[in-house]
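A short worksheet on the structure shown next.
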Amino acid sequence: MAKYSEEFGRLLEGNCERGDAIALKYFRTADLQIEQKRDGSRVTQADKKVEAMARERVAASGLPLDVLGEEMGGSGANAPAGARARLIIDPIDGTEEFFAGNFQRSAH
């Protein structure tokens with residue numbers, strides 16, 4: 001657990017805090033844009049911006065961390081389990097509820 005806190009904790013906590021700020025910027029606003037993905041599910045620019053922010057922070061951190069995201073796919077997705085740590089991102093879990101205005105913040 002100490003290794004997690006030292007190596008990844010600050011990065012992940014910062015991603016959560018910044019992700020909250022991005023999501024809340026669009027929550028219940030007229031600026032929220034909703035697109036339909038190929039699979040029929042929907043995505044907002046808030047989803048995309050949260051995932052992009054997380055990816056940028058991981059890249060800038062220099063940590064040996066692969067990223068697999070719901071919106072943008074990922075690096076290391078086909079690597080053997082345990083080869084490297086992997087951050088799996090679902091930027092806004094419950095996008096349908098989010099754009100309907102029923103979003104609840106989760107505890108980090």
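Here's how to read the names in the structure tokens: chain A, B, ... by the order shown, residue numbers from 1 in each chain, ligand numbers from 1 in the order shown.
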
_For the structure I just gave you, how does DSSP split chain A - specifically, which residues are strand (DSSP E or B)? Reply as a count of residues only._
18

_Counting only C-alpha atoms, the residue of A:Cys16, A:Ala85, A:Glu70, A:Phe8 that sits nearest Arg42 in chain A_ = A:Glu70

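You will find CA of Asp47 in chain A at 21.9 Å from CA of Gly9 in chain A.
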
*Quick one: residues within 9 Å of Lys48 in chain A, only C-alpha atoms counted, chain neighbours fewer than 6 positions away excluded, as number ranges by chain?*
A: 71-72, 91

*Would you give me, as an MDAnalysis selection string, the residues in range 2-96 of chain A that DSSP reads as alpha helix (DSSP H)?*
chainID A and resid 2:3 10:26 45:61 95:96

Would you mind exporting N, CA and C atoms of the selected residues as a short mmCIF file (atom, residue, chain, number, x, y, z; two decimals), in the first residue's frame?
```
data_model
loop_
_atom_site.label_atom_id
_atom_site.label_comp_id
_atom_site.auth_asym_id
_atom_site.auth_seq_id
_atom_site.Cartn_x
_atom_site.Cartn_y
_atom_site.Cartn_z
N ALA A 2 1.99 1.22 0.72
CA ALA A 2 2.86 2.39 0.76
C ALA A 2 3.39 2.72 -0.63
N LYS A 3 3.70 1.68 -1.41
CA LYS A 3 4.20 1.91 -2.77
C LYS A 3 3.15 2.64 -3.60
N ARG A 10 -0.53 10.49 -5.36
CA ARG A 10 -0.70 11.93 -5.65
C ARG A 10 -1.24 12.15 -7.05
N LEU A 11 -0.74 11.37 -8.00
CA LEU A 11 -1.20 11.49 -9.39
C LEU A 11 -2.69 11.18 -9.49
N LEU A 12 -3.09 10.06 -8.91
CA LEU A 12 -4.49 9.63 -9.01
C LEU A 12 -5.43 10.55 -8.26
N GLU A 13 -5.02 10.99 -7.08
CA GLU A 13 -5.85 11.93 -6.32
C GLU A 13 -6.00 13.25 -7.08
N GLY A 14 -4.91 13.71 -7.66
CA GLY A 14 -4.98 14.94 -8.46
C GLY A 14 -5.88 14.78 -9.67
N ASN A 15 -5.82 13.61 -10.31
CA ASN A 15 -6.71 13.34 -11.45
C ASN A 15 -8.17 13.41 -11.00
N CYS A 16 -8.46 12.83 -9.86
CA CYS A 16 -9.84 12.85 -9.36
C CYS A 16 -10.31 14.27 -9.07
N GLU A 17 -9.48 15.04 -8.40
CA GLU A 17 -9.85 16.42 -8.08
C GLU A 17 -10.06 17.25 -9.33
N ARG A 18 -9.15 17.15 -10.27
CA ARG A 18 -9.28 17.92 -11.52
C ARG A 18 -10.46 17.40 -12.34
N GLY A 19 -10.66 16.08 -12.35
CA GLY A 19 -11.80 15.51 -13.06
C GLY A 19 -13.12 16.00 -12.51
N ASP A 20 -13.23 16.08 -11.17
CA ASP A 20 -14.44 16.63 -10.57
C ASP A 20 -14.69 18.06 -11.06
N ALA A 21 -13.64 18.87 -11.06
CA ALA A 21 -13.78 20.27 -11.46
C ALA A 21 -14.23 20.38 -12.92
N ILE A 22 -13.67 19.54 -13.78
CA ILE A 22 -14.06 19.57 -15.19
C ILE A 22 -15.51 19.15 -15.34
N ALA A 23 -15.89 18.04 -14.71
CA ALA A 23 -17.26 17.54 -14.83
C ALA A 23 -18.26 18.55 -14.30
N LEU A 24 -17.97 19.13 -13.15
CA LEU A 24 -18.91 20.07 -12.54
C LEU A 24 -19.05 21.36 -13.35
N LYS A 25 -18.03 21.69 -14.12
CA LYS A 25 -18.10 22.87 -14.99
C LYS A 25 -19.24 22.73 -16.01
N TYR A 26 -19.51 21.48 -16.45
CA TYR A 26 -20.53 21.25 -17.47
C TYR A 26 -21.85 20.75 -16.92
N GLN A 45 -18.61 16.26 -23.88
CA GLN A 45 -17.27 16.84 -23.92
C GLN A 45 -16.64 16.79 -22.54
N ALA A 46 -17.45 16.72 -21.49
CA ALA A 46 -16.89 16.58 -20.14
C ALA A 46 -16.16 15.24 -20.01
N ASP A 47 -16.77 14.15 -20.52
CA ASP A 47 -16.11 12.84 -20.51
C ASP A 47 -14.76 12.93 -21.22
N LYS A 48 -14.77 13.50 -22.40
CA LYS A 48 -13.55 13.58 -23.21
C LYS A 48 -12.48 14.43 -22.54
N LYS A 49 -12.89 15.54 -21.94
CA LYS A 49 -11.91 16.43 -21.31
C LYS A 49 -11.33 15.81 -20.04
N VAL A 50 -12.14 15.10 -19.28
CA VAL A 50 -11.63 14.43 -18.08
C VAL A 50 -10.60 13.38 -18.48
N GLU A 51 -10.92 12.57 -19.49
CA GLU A 51 -9.98 11.53 -19.91
C GLU A 51 -8.71 12.15 -20.48
N ALA A 52 -8.83 13.19 -21.28
CA ALA A 52 -7.65 13.84 -21.85
C ALA A 52 -6.75 14.41 -20.75
N MET A 53 -7.35 15.02 -19.74
CA MET A 53 -6.58 15.57 -18.62
C MET A 53 -5.83 14.45 -17.92
N ALA A 54 -6.51 13.34 -17.64
CA ALA A 54 -5.87 12.23 -16.93
C ALA A 54 -4.70 11.67 -17.74
N ARG A 55 -4.91 11.53 -19.03
CA ARG A 55 -3.84 11.02 -19.90
C ARG A 55 -2.64 11.96 -19.92
N GLU A 56 -2.90 13.25 -20.01
CA GLU A 56 -1.81 14.24 -20.02
C GLU A 56 -1.01 14.19 -18.72
N ARG A 57 -1.70 14.06 -17.61
CA ARG A 57 -1.02 14.01 -16.31
C ARG A 57 -0.19 12.73 -16.16
N VAL A 58 -0.73 11.61 -16.65
CA VAL A 58 0.03 10.36 -16.59
C VAL A 58 1.29 10.49 -17.44
N ALA A 59 1.15 11.00 -18.65
CA ALA A 59 2.31 11.16 -19.54
C ALA A 59 3.35 12.09 -18.91
N ALA A 60 2.91 13.17 -18.31
CA ALA A 60 3.84 14.13 -17.72
C ALA A 60 4.51 13.59 -16.45
N SER A 61 3.86 12.62 -15.81
CA SER A 61 4.40 12.10 -14.55
C SER A 61 5.66 11.27 -14.74
N THR A 95 -22.74 8.41 -17.63
CA THR A 95 -22.91 9.59 -18.48
C THR A 95 -24.38 9.92 -18.70
N GLU A 96 -25.20 8.90 -18.90
CA GLU A 96 -26.64 9.14 -19.12
C GLU A 96 -27.24 9.90 -17.94
#
```
